[in-house]
Amino acid sequence: MVEHHLDPSSAHGRTNTLAQDFMSTPESGSSNFIRDLVAADRSAGKHGGRVVTRFPPEPNGYLHIGHAKSIVLNFGIANESPGGVCHLRFDDTNPTTENPEYVQAIQEDVRWLGFDWRGKLFHASDYFERLYAFAIVLIEKGKAYVDSLTADQIREHRGTLTEPGRNSPYRTRSVEDNLDLFARMRAGEFADGTHVLRAKIDMSSPNINLRDPILYRIRHAEHYRTGTTWCIYPSYDFAHPLSDAVEGITHSLCTLEFEDHRPLYDWVVAEADAPHRPQQIEFARLNLTSTVMSKRKLLELVSKKLVAGWDDPRLPTLQGLRRRGVTPEAIRAFCEHIGVAKRDAIVEMQLFEHFIREDLNKRSPRVMAVLRPLKVILDNYPEDVVEELDAVNNPEDISAGTRKVPFSRTLYIEQDDFKEDPPKQFYRLAPGREVRLRYGYIIKCMSATKDPQTGAVTELHCTYDPETKSGSAQEQRKVKATIHWVSASHAATATIRLYHPLLLPAPPQHSAEADWTGSLNPQSLELLTDCLVEPSLRSSSPGSRFQFERQGYFCMDPESSPEALLFNRTVSLKDTWAKVEKAQQVRPR
RNA sequence: UGGGGGAUCGUCUAGCGGUAGGACGCCGGCCUUUGGAGCCGGCUACCUAGGUUCGAUUCCUAGUCCCCCAGCCA
């Protein structure tokens with residue numbers, strides 16, 4: 001049954017989120033200093049009024065929520081500029097860390113997030129030949145030289161933060177010698193580490209990046225795309241600005257740590273006679289509480305098998321979030337909301353959860369599932385009767401219709417919904433008390449059966465009030481609580497994974513970075529077996545998202561099967577009672 | 001004790017010389033067949049000290065604190 005009533009409350013709710021409801025293209029973003037700057041450049045006719053941005057990941061890991069911020073910014077700015085475009089470029093200049101698995105995953109993730117590079121897919125490795133030619137230009141202008149110092153010697157010559165560096169004895173090599181040596185580097189005549197190509201700038205610069213930075217190094221390694229064609233590889237500081245220039249990037253957005261590379265970026269573009277001069281603008285990277293975001297730490301978790309893989313739902317990777325049930329819309333809305341600025345910031349995980357709930361609330365079908373079952377027998381309900389009760393699929397979306405849920409004499413409810421000795425403000429089931437069963441009847445608890453050994457409550461005997469059937473007009477009796485349930489003989493068994501923060505709230509302070517895994521939450525994964533879910537779930541498919549009423553949002557795992565249902569909890573519902581209960585523990589009754 | 005950046009509610013963020021606003025969170029209330037959702041109300045914020053100005057979060061000066069940089073990583 002599908003109704004099309006215009007529900008005033010949901011219609012009202014919709015006016016607030018109009019932009020998000022019509023997002024065949026992702027929502028246009030809120031204002032920030034970079035958007036303002038790009039808009040100003042465009043109206044001033046800078047770069048010919050064009051806007052070309054780029055998202056330039058190195059394919060040495062999986063994308064995470066921090067990358068999402070950059071993706072949303074770069075693609076967002078391009079998409080809202082007439083004729084604007086955002087390139088996807090793999091910054092693959094270091095053959096030892098990169099591999100095609102990551103390239104594939106990154107493309108998938110960008111698409112999943114809802115962005116389209118419109119055919120503008122590039123690799124820095126596409127430009128190796130051109131970059132080589134730019135290097136020749138530099139050498140010919142006397143702006144670059146081959147240095148034959150060892151790595152240690154180079155470090156030693158570089159000076160320190162407070163002391164200037166010293167010129168390498170090879171700094172004065174002739175252009176002819178440099179050309180010859182550089183050609184032989186390329187030809188493979190030299191071993192790794194024996195020579196590098198360096199920019200000739202200023203060894204006494206207060207900016208260490210300008211103390212003759214390394215432009216090329218020798219690496220006899222197989223590159224996942226160019227194989228063994230090359231044994232010299234350009235460094236980031238050389239490849240990045242020139243790749244931007246070659247692609248006609250107008251605004252090259254990157255994170256704060258590259259701020260003092262900007263003079264070098266500009267130097268490279270200018271001295272190499274690049275066809276175009278992009279503008280680098282820096283912004284603060286995203287930090288989130290109670291999780292890890294650095295590639296190094298994520299890789300460590302995965303390779304040490306501290307988590308199940310890159311798509312472990314506890315991880316802030318895009319694949320982890322997807323498997324957990326987070327939608328791309330929620331991620332985008334979050335990224336737009338947190339803003340873009342230059343100050344270091346740590347965003348609370350609760351803010352992210354808010355955007356996940358907000359999105360899932362509108363779209364998730366409701367369903368009943370009992371995570372920790374407690375048997376309930378309705379003593380006055382006939383043994384051979386099964387009623388099919390009408391249940392609303394989504395009160396936020398009447399067009400989602402209704403479904404039938406079987407009801408019978410023996411049911412299961414949540415253990416938490418019964419307390420033999422109820423504390424103050426607990427208004428669920430207790431001896432002698434009444435609650436409504438969602439979509440069903442009001443029931444009254446007559447007695448609790450206990451395990452003689454442990455004293456644990458094993459089953460409840462209740463009576464139901466036939467006059468109070470849901471939807472019947474005659475009985476308007478109110479009770480304080482409504483609880484969810486499943487019919488014992490109809491329910492399907494499921495395994496459910498609950499996720500808790502990856503990091504402990506207060507990380508042990510002792511040693512800083514070395515053993516950061518000490519602050520990992522050993523209880524980050526909670527596995528519940530023998531959960532009982534309503535039978536309609538048997539026919540749903542992996543990836544489907546639901547709200548388990550009164551509990552949270554759950555997503556059917558890819559490894560779920562009709563015989564072995566498996567769900568991941570995306571995020572819990574806000575739980576007012578949990579707060580009250582916690583407050584009571586601090587100051588009882 | 002070099003250079004580059006940054007400081008606004010608990011947390012993000014707006015402000016561009018004229019009443020410091022929004023979101024999350026938290027607290028209280030309303031409503032409710034989800035203690036959900038929704039609604040209403042509230043919450044000790046401009047780093048400090050001077051200066052300019054009728055008026056400064058905004059401009060100037062001097063401090064303080066925080067972040068980044070000494071990879072042949074990006």
# chains A, B, ... in the order shown; residues from 1 in each chain; ligands from 1
>>> interface_residues(of="chain A", to="chain B", cutoff="6 Å", atoms="only C-alpha atoms (C1' of nucleotides)", output="list in words")
Thr160, Leu161, Thr162, Pro206, Asn207, Arg217, Glu257, Asp260, Ile338, Arg343, Val347, Glu348, Leu351, Arg438, Glu549, Arg550, Thr576 and Trp577 of chain A
>>> write_last_selection(atoms="N, CA, C and O atoms", output="mmCIF file, in the first residue's frame")
data_model
loop_
_atom_site.group_PDB
_atom_site.id
_atom_site.type_symbol
_atom_site.label_atom_id
_atom_site.label_comp_id
_atom_site.auth_asym_id
_atom_site.auth_seq_id
_atom_site.Cartn_x
_atom_site.Cartn_y
_atom_site.Cartn_z
ATOM 1 N N THR A 160 70.746 23.678 8.908
ATOM 2 C CA THR A 160 69.638 23.380 9.819
ATOM 3 C C THR A 160 68.629 24.509 9.741
ATOM 4 O O THR A 160 68.754 25.422 8.932
ATOM 5 N N LEU A 161 67.665 24.445 10.638
ATOM 6 C CA LEU A 161 66.637 25.495 10.653
ATOM 7 C C LEU A 161 67.252 26.862 10.911
ATOM 8 O O LEU A 161 66.767 27.872 10.424
ATOM 9 N N THR A 162 68.322 26.860 11.692
ATOM 10 C CA THR A 162 68.899 28.160 12.071
ATOM 11 C C THR A 162 70.231 28.463 11.395
ATOM 12 O O THR A 162 70.691 29.595 11.428
ATOM 13 N N PRO A 206 66.494 31.085 4.031
ATOM 14 C CA PRO A 206 65.839 30.713 5.301
ATOM 15 C C PRO A 206 64.740 29.664 5.084
ATOM 16 O O PRO A 206 64.373 28.960 6.005
ATOM 17 N N ASN A 207 64.248 29.581 3.875
ATOM 18 C CA ASN A 207 63.274 28.540 3.526
ATOM 19 C C ASN A 207 64.038 27.318 3.023
ATOM 20 O O ASN A 207 64.599 27.325 1.933
ATOM 21 N N ARG A 217 65.727 11.741 -8.779
ATOM 22 C CA ARG A 217 66.587 10.776 -8.111
ATOM 23 C C ARG A 217 66.605 9.499 -8.932
ATOM 24 O O ARG A 217 65.703 9.231 -9.726
ATOM 25 N N GLU A 257 50.626 22.009 4.904
ATOM 26 C CA GLU A 257 52.048 21.691 5.036
ATOM 27 C C GLU A 257 52.843 22.048 3.780
ATOM 28 O O GLU A 257 54.060 22.038 3.793
ATOM 29 N N ASP A 260 55.032 26.381 2.610
ATOM 30 C CA ASP A 260 56.370 26.911 2.313
ATOM 31 C C ASP A 260 57.047 26.204 1.144
ATOM 32 O O ASP A 260 58.217 26.415 0.862
ATOM 33 N N ILE A 338 31.583 21.521 7.350
ATOM 34 C CA ILE A 338 32.734 21.817 8.209
ATOM 35 C C ILE A 338 33.534 23.009 7.719
ATOM 36 O O ILE A 338 34.305 23.599 8.466
ATOM 37 N N ARG A 343 43.037 27.488 9.701
ATOM 38 C CA ARG A 343 43.471 27.129 11.055
ATOM 39 C C ARG A 343 43.330 25.630 11.286
ATOM 40 O O ARG A 343 42.424 24.987 10.766
ATOM 41 N N VAL A 347 37.592 18.143 14.167
ATOM 42 C CA VAL A 347 36.134 18.094 14.160
ATOM 43 C C VAL A 347 35.666 16.908 15.001
ATOM 44 O O VAL A 347 36.245 15.820 14.929
ATOM 45 N N GLU A 348 34.633 17.153 15.789
ATOM 46 C CA GLU A 348 34.103 16.073 16.623
ATOM 47 C C GLU A 348 33.361 15.042 15.782
ATOM 48 O O GLU A 348 32.584 15.382 14.897
ATOM 49 N N LEU A 351 29.668 15.339 15.057
ATOM 50 C CA LEU A 351 29.150 16.168 13.975
ATOM 51 C C LEU A 351 28.959 15.312 12.718
ATOM 52 O O LEU A 351 27.961 15.417 12.016
ATOM 53 N N ARG A 438 4.982 -2.049 19.484
ATOM 54 C CA ARG A 438 4.902 -1.248 18.262
ATOM 55 C C ARG A 438 4.004 -1.928 17.233
ATOM 56 O O ARG A 438 4.188 -3.112 16.931
ATOM 57 N N GLU A 549 14.199 -0.052 14.423
ATOM 58 C CA GLU A 549 13.486 0.922 15.242
ATOM 59 C C GLU A 549 14.019 0.990 16.662
ATOM 60 O O GLU A 549 14.313 -0.018 17.290
ATOM 61 N N ARG A 550 14.154 2.203 17.119
ATOM 62 C CA ARG A 550 14.621 2.545 18.460
ATOM 63 C C ARG A 550 16.105 2.248 18.673
ATOM 64 O O ARG A 550 16.625 2.457 19.773
ATOM 65 N N THR A 576 18.065 9.008 24.472
ATOM 66 C CA THR A 576 17.838 9.870 25.633
ATOM 67 C C THR A 576 17.892 9.083 26.935
ATOM 68 O O THR A 576 18.428 9.547 27.925
ATOM 69 N N TRP A 577 17.341 7.878 26.890
ATOM 70 C CA TRP A 577 17.332 7.061 28.109
ATOM 71 C C TRP A 577 18.756 6.737 28.567
ATOM 72 O O TRP A 577 19.065 6.771 29.753
#
>>> select_by_dssp(residues="range 227-429 of chain A", states="strand (DSSP E)", output="VMD selection string")
chain A and resid 232 to 234 251 to 255 279 to 283 366 to 367 369 to 370 373 to 378 387 to 392 402 to 407 410 to 414
>>> residues_around(residues="U52 in chain B", least_positions_apart="5", cutoff="12 Å", atoms="only C-alpha atoms (C1' of nucleotides)", output="PyMOL selection string")
chain B and resi 17+59-61
>>> select_by_dssp(residues="range 405-515 of chain A", states="helix (DSSP H, G or I)", output="list in words")
Gln415, Asp416, Asp417, Pro466, Glu467 and Thr468 of chain A
>>> residues_around(residues="Arg186 in chain A", least_positions_apart="4", cutoff="10 Å", atoms="only C-alpha atoms (C1' of nucleotides)", output="NGL selection string")
:A and (132 or 181-182 or 190 or 216-218 or 229-233)
>>> residues_around(residues="Lys46 in chain A", least_positions_apart="2", cutoff="12 Å", atoms="only C-alpha atoms (C1' of nucleotides)", output="PyMOL selection string")
chain A and resi 37-44+48-52+250-251+276-279
>>> atom_distance(atom1="CA of Met556 in chain A", atom2="CA of Ala105 in chain A")
21.2 Å
>>> closest_atom_pairs(of="range 427-534 of chain A", to="range 295-311 of chain A", cutoff="12 Å", atoms="only C-alpha atoms", output="JSON lines")
{"residue": "A:Tyr499", "atom": "CA", "partner": "A:Val307", "partner_atom": "CA", "distance": 12.0}
{"residue": "A:Leu502", "atom": "CA", "partner": "A:Val307", "partner_atom": "CA", "distance": 9.8}
{"residue": "A:Glu513", "atom": "CA", "partner": "A:Lys297", "partner_atom": "CA", "distance": 10.1}
{"residue": "A:Ala514", "atom": "CA", "partner": "A:Lys297", "partner_atom": "CA", "distance": 10.8}
{"residue": "A:Asp515", "atom": "CA", "partner": "A:Lys297", "partner_atom": "CA", "distance": 10.8}
{"residue": "A:Trp516", "atom": "CA", "partner": "A:Lys297", "partner_atom": "CA", "distance": 8.7}
{"residue": "A:Thr517", "atom": "CA", "partner": "A:Leu301", "partner_atom": "CA", "distance": 8.4}
{"residue": "A:Gly518", "atom": "CA", "partner": "A:Leu306", "partner_atom": "CA", "distance": 11.6}
{"residue": "A:Leu520", "atom": "CA", "partner": "A:Leu306", "partner_atom": "CA", "distance": 9.3}
{"residue": "A:Asn521", "atom": "CA", "partner": "A:Leu306", "partner_atom": "CA", "distance": 10.7}
{"residue": "A:Pro522", "atom": "CA", "partner": "A:Leu306", "partner_atom": "CA", "distance": 9.8}
{"residue": "A:Gln523", "atom": "CA", "partner": "A:Leu306", "partner_atom": "CA", "distance": 11.9}
{"residue": "A:Ser524", "atom": "CA", "partner": "A:Val307", "partner_atom": "CA", "distance": 9.8}
{"residue": "A:Leu525", "atom": "CA", "partner": "A:Val307", "partner_atom": "CA", "distance": 9.5}
>>> write_last_selection(atoms="all heavy atoms", output="CSV table (one decimal), in the first residue's frame")
chain,number,residue,atom,x,y,z
A,499,TYR,N,29.8,-1.1,16.1
A,499,TYR,CA,31.2,-0.5,16.1
A,499,TYR,C,31.3,0.6,17.1
A,499,TYR,O,30.4,1.4,17.3
A,499,TYR,CB,31.5,0.0,14.7
A,499,TYR,CG,31.4,-1.1,13.7
A,499,TYR,CD1,30.4,-1.2,12.8
A,499,TYR,CD2,32.4,-2.1,13.6
A,499,TYR,CE1,30.3,-2.3,11.9
A,499,TYR,CE2,32.4,-3.1,12.7
A,499,TYR,CZ,31.3,-3.2,11.8
A,499,TYR,OH,31.3,-4.2,10.9
A,502,LEU,N,37.5,3.8,17.3
A,502,LEU,CA,38.7,3.0,17.1
A,502,LEU,C,39.7,3.4,18.1
A,502,LEU,O,40.6,2.6,18.5
A,502,LEU,CB,39.2,3.4,15.7
A,502,LEU,CG,40.2,2.6,14.9
A,502,LEU,CD1,39.8,1.1,14.9
A,502,LEU,CD2,40.4,3.1,13.5
A,513,GLU,N,54.4,8.7,19.6
A,513,GLU,CA,54.0,8.1,18.3
A,513,GLU,C,54.3,6.7,18.1
A,513,GLU,O,53.6,5.9,17.5
A,513,GLU,CB,54.6,8.9,17.2
A,513,GLU,CG,53.9,10.3,17.0
A,513,GLU,CD,52.5,10.1,16.6
A,513,GLU,OE1,52.2,9.9,15.4
A,513,GLU,OE2,51.6,10.1,17.4
A,514,ALA,N,55.4,6.3,18.7
A,514,ALA,CA,55.9,4.9,18.4
A,514,ALA,C,54.9,3.8,18.7
A,514,ALA,O,54.7,3.0,17.8
A,514,ALA,CB,57.2,4.7,19.3
A,515,ASP,N,54.3,3.8,19.8
A,515,ASP,CA,53.3,2.8,20.1
A,515,ASP,C,51.9,3.4,20.2
A,515,ASP,O,51.2,3.1,21.1
A,515,ASP,CB,53.7,2.0,21.3
A,515,ASP,CG,53.6,2.9,22.6
A,515,ASP,OD1,53.6,4.1,22.4
A,515,ASP,OD2,53.6,2.4,23.7
A,516,TRP,N,51.5,4.1,19.2
A,516,TRP,CA,50.2,4.7,19.1
A,516,TRP,C,49.1,3.7,19.2
A,516,TRP,O,48.0,3.9,19.6
A,516,TRP,CB,50.1,5.6,17.9
A,516,TRP,CG,50.0,4.8,16.6
A,516,TRP,CD1,51.1,4.3,15.9
A,516,TRP,CD2,48.8,4.3,16.0
A,516,TRP,NE1,50.6,3.6,14.8
A,516,TRP,CE2,49.3,3.6,14.8
A,516,TRP,CE3,47.5,4.5,16.2
A,516,TRP,CZ2,48.4,3.0,14.0
A,516,TRP,CZ3,46.6,3.9,15.3
A,516,TRP,CH2,47.0,3.2,14.2
A,517,THR,N,49.5,2.4,18.7
A,517,THR,CA,48.4,1.4,18.7
A,517,THR,C,48.0,1.1,20.1
A,517,THR,O,46.9,0.4,20.3
A,517,THR,CB,48.9,0.1,18.0
A,517,THR,OG1,50.2,-0.2,18.6
A,517,THR,CG2,49.1,0.3,16.6
A,518,GLY,N,48.7,1.5,21.1
A,518,GLY,CA,48.3,1.3,22.5
A,518,GLY,C,47.1,2.1,22.9
A,518,GLY,O,46.4,1.7,23.8
A,520,LEU,N,44.6,2.2,20.8
A,520,LEU,CA,43.4,1.6,20.1
A,520,LEU,C,42.4,1.0,21.1
A,520,LEU,O,42.8,0.4,22.2
A,520,LEU,CB,44.0,0.4,19.2
A,520,LEU,CG,44.6,0.8,17.9
A,520,LEU,CD1,45.2,-0.4,17.3
A,520,LEU,CD2,43.6,1.5,17.0
A,521,ASN,N,41.2,1.1,20.8
A,521,ASN,CA,40.1,0.6,21.6
A,521,ASN,C,40.0,-0.9,21.4
A,521,ASN,O,39.6,-1.3,20.3
A,521,ASN,CB,38.8,1.3,21.3
A,521,ASN,CG,37.6,0.8,22.0
A,521,ASN,OD1,37.8,0.0,22.9
A,521,ASN,ND2,36.4,1.3,21.7
A,522,PRO,N,40.3,-1.7,22.4
A,522,PRO,CA,40.2,-3.2,22.1
A,522,PRO,C,38.7,-3.6,21.9
A,522,PRO,O,38.5,-4.7,21.4
A,522,PRO,CB,40.8,-3.8,23.4
A,522,PRO,CG,40.7,-2.7,24.4
A,522,PRO,CD,40.7,-1.4,23.7
A,523,GLN,N,37.8,-2.8,22.3
A,523,GLN,CA,36.4,-3.2,22.1
A,523,GLN,C,35.7,-2.5,20.9
A,523,GLN,O,34.5,-2.2,20.9
A,523,GLN,CB,35.6,-2.8,23.4
A,523,GLN,CG,35.3,-3.9,24.3
A,523,GLN,CD,36.3,-3.9,25.5
A,523,GLN,OE1,37.2,-4.8,25.5
A,523,GLN,NE2,36.2,-3.0,26.4
A,524,SER,N,36.5,-2.1,19.9
A,524,SER,CA,35.9,-1.3,18.8
A,524,SER,C,34.9,-2.1,18.0
A,524,SER,O,34.1,-1.6,17.4
A,524,SER,CB,37.0,-0.8,17.9
A,524,SER,OG,37.8,-1.8,17.4
A,525,LEU,N,35.1,-3.5,18.1
A,525,LEU,CA,34.1,-4.3,17.4
A,525,LEU,C,33.4,-5.2,18.4
A,525,LEU,O,34.0,-5.8,19.2
A,525,LEU,CB,34.8,-5.2,16.4
A,525,LEU,CG,34.0,-6.3,15.7
A,525,LEU,CD1,32.8,-5.7,14.9
A,525,LEU,CD2,34.8,-7.3,14.9
>>> residues_around(residues="Tyr412 in chain A", least_positions_apart="2", cutoff="9 Å", atoms="only C-alpha atoms (C1' of nucleotides)", output="PyMOL selection string")
chain A and resi 370+372-377+410+414-415+484-488+532
>>> write_last_selection(atoms="C-alpha atoms", output="CSV table (one decimal), in the first residue's frame")
chain,number,residue,atom,x,y,z
A,370,VAL,CA,15.9,-7.6,18.6
A,372,ARG,CA,19.5,-9.2,22.7
A,373,PRO,CA,16.3,-11.3,22.9
A,374,LEU,CA,14.1,-11.9,25.9
A,375,LYS,CA,11.2,-14.3,25.5
A,376,VAL,CA,7.7,-13.0,26.1
A,377,ILE,CA,4.6,-15.3,26.3
A,410,THR,CA,5.3,-16.0,21.7
A,414,GLU,CA,14.9,-6.5,23.9
A,415,GLN,CA,16.4,-7.4,27.3
A,484,HIS,CA,9.8,-3.2,19.4
A,485,TRP,CA,9.5,-7.0,19.2
A,486,VAL,CA,9.6,-10.0,16.8
A,487,SER,CA,7.4,-13.1,16.6
A,488,ALA,CA,9.4,-16.1,17.9
A,532,LEU,CA,16.2,-11.9,15.9
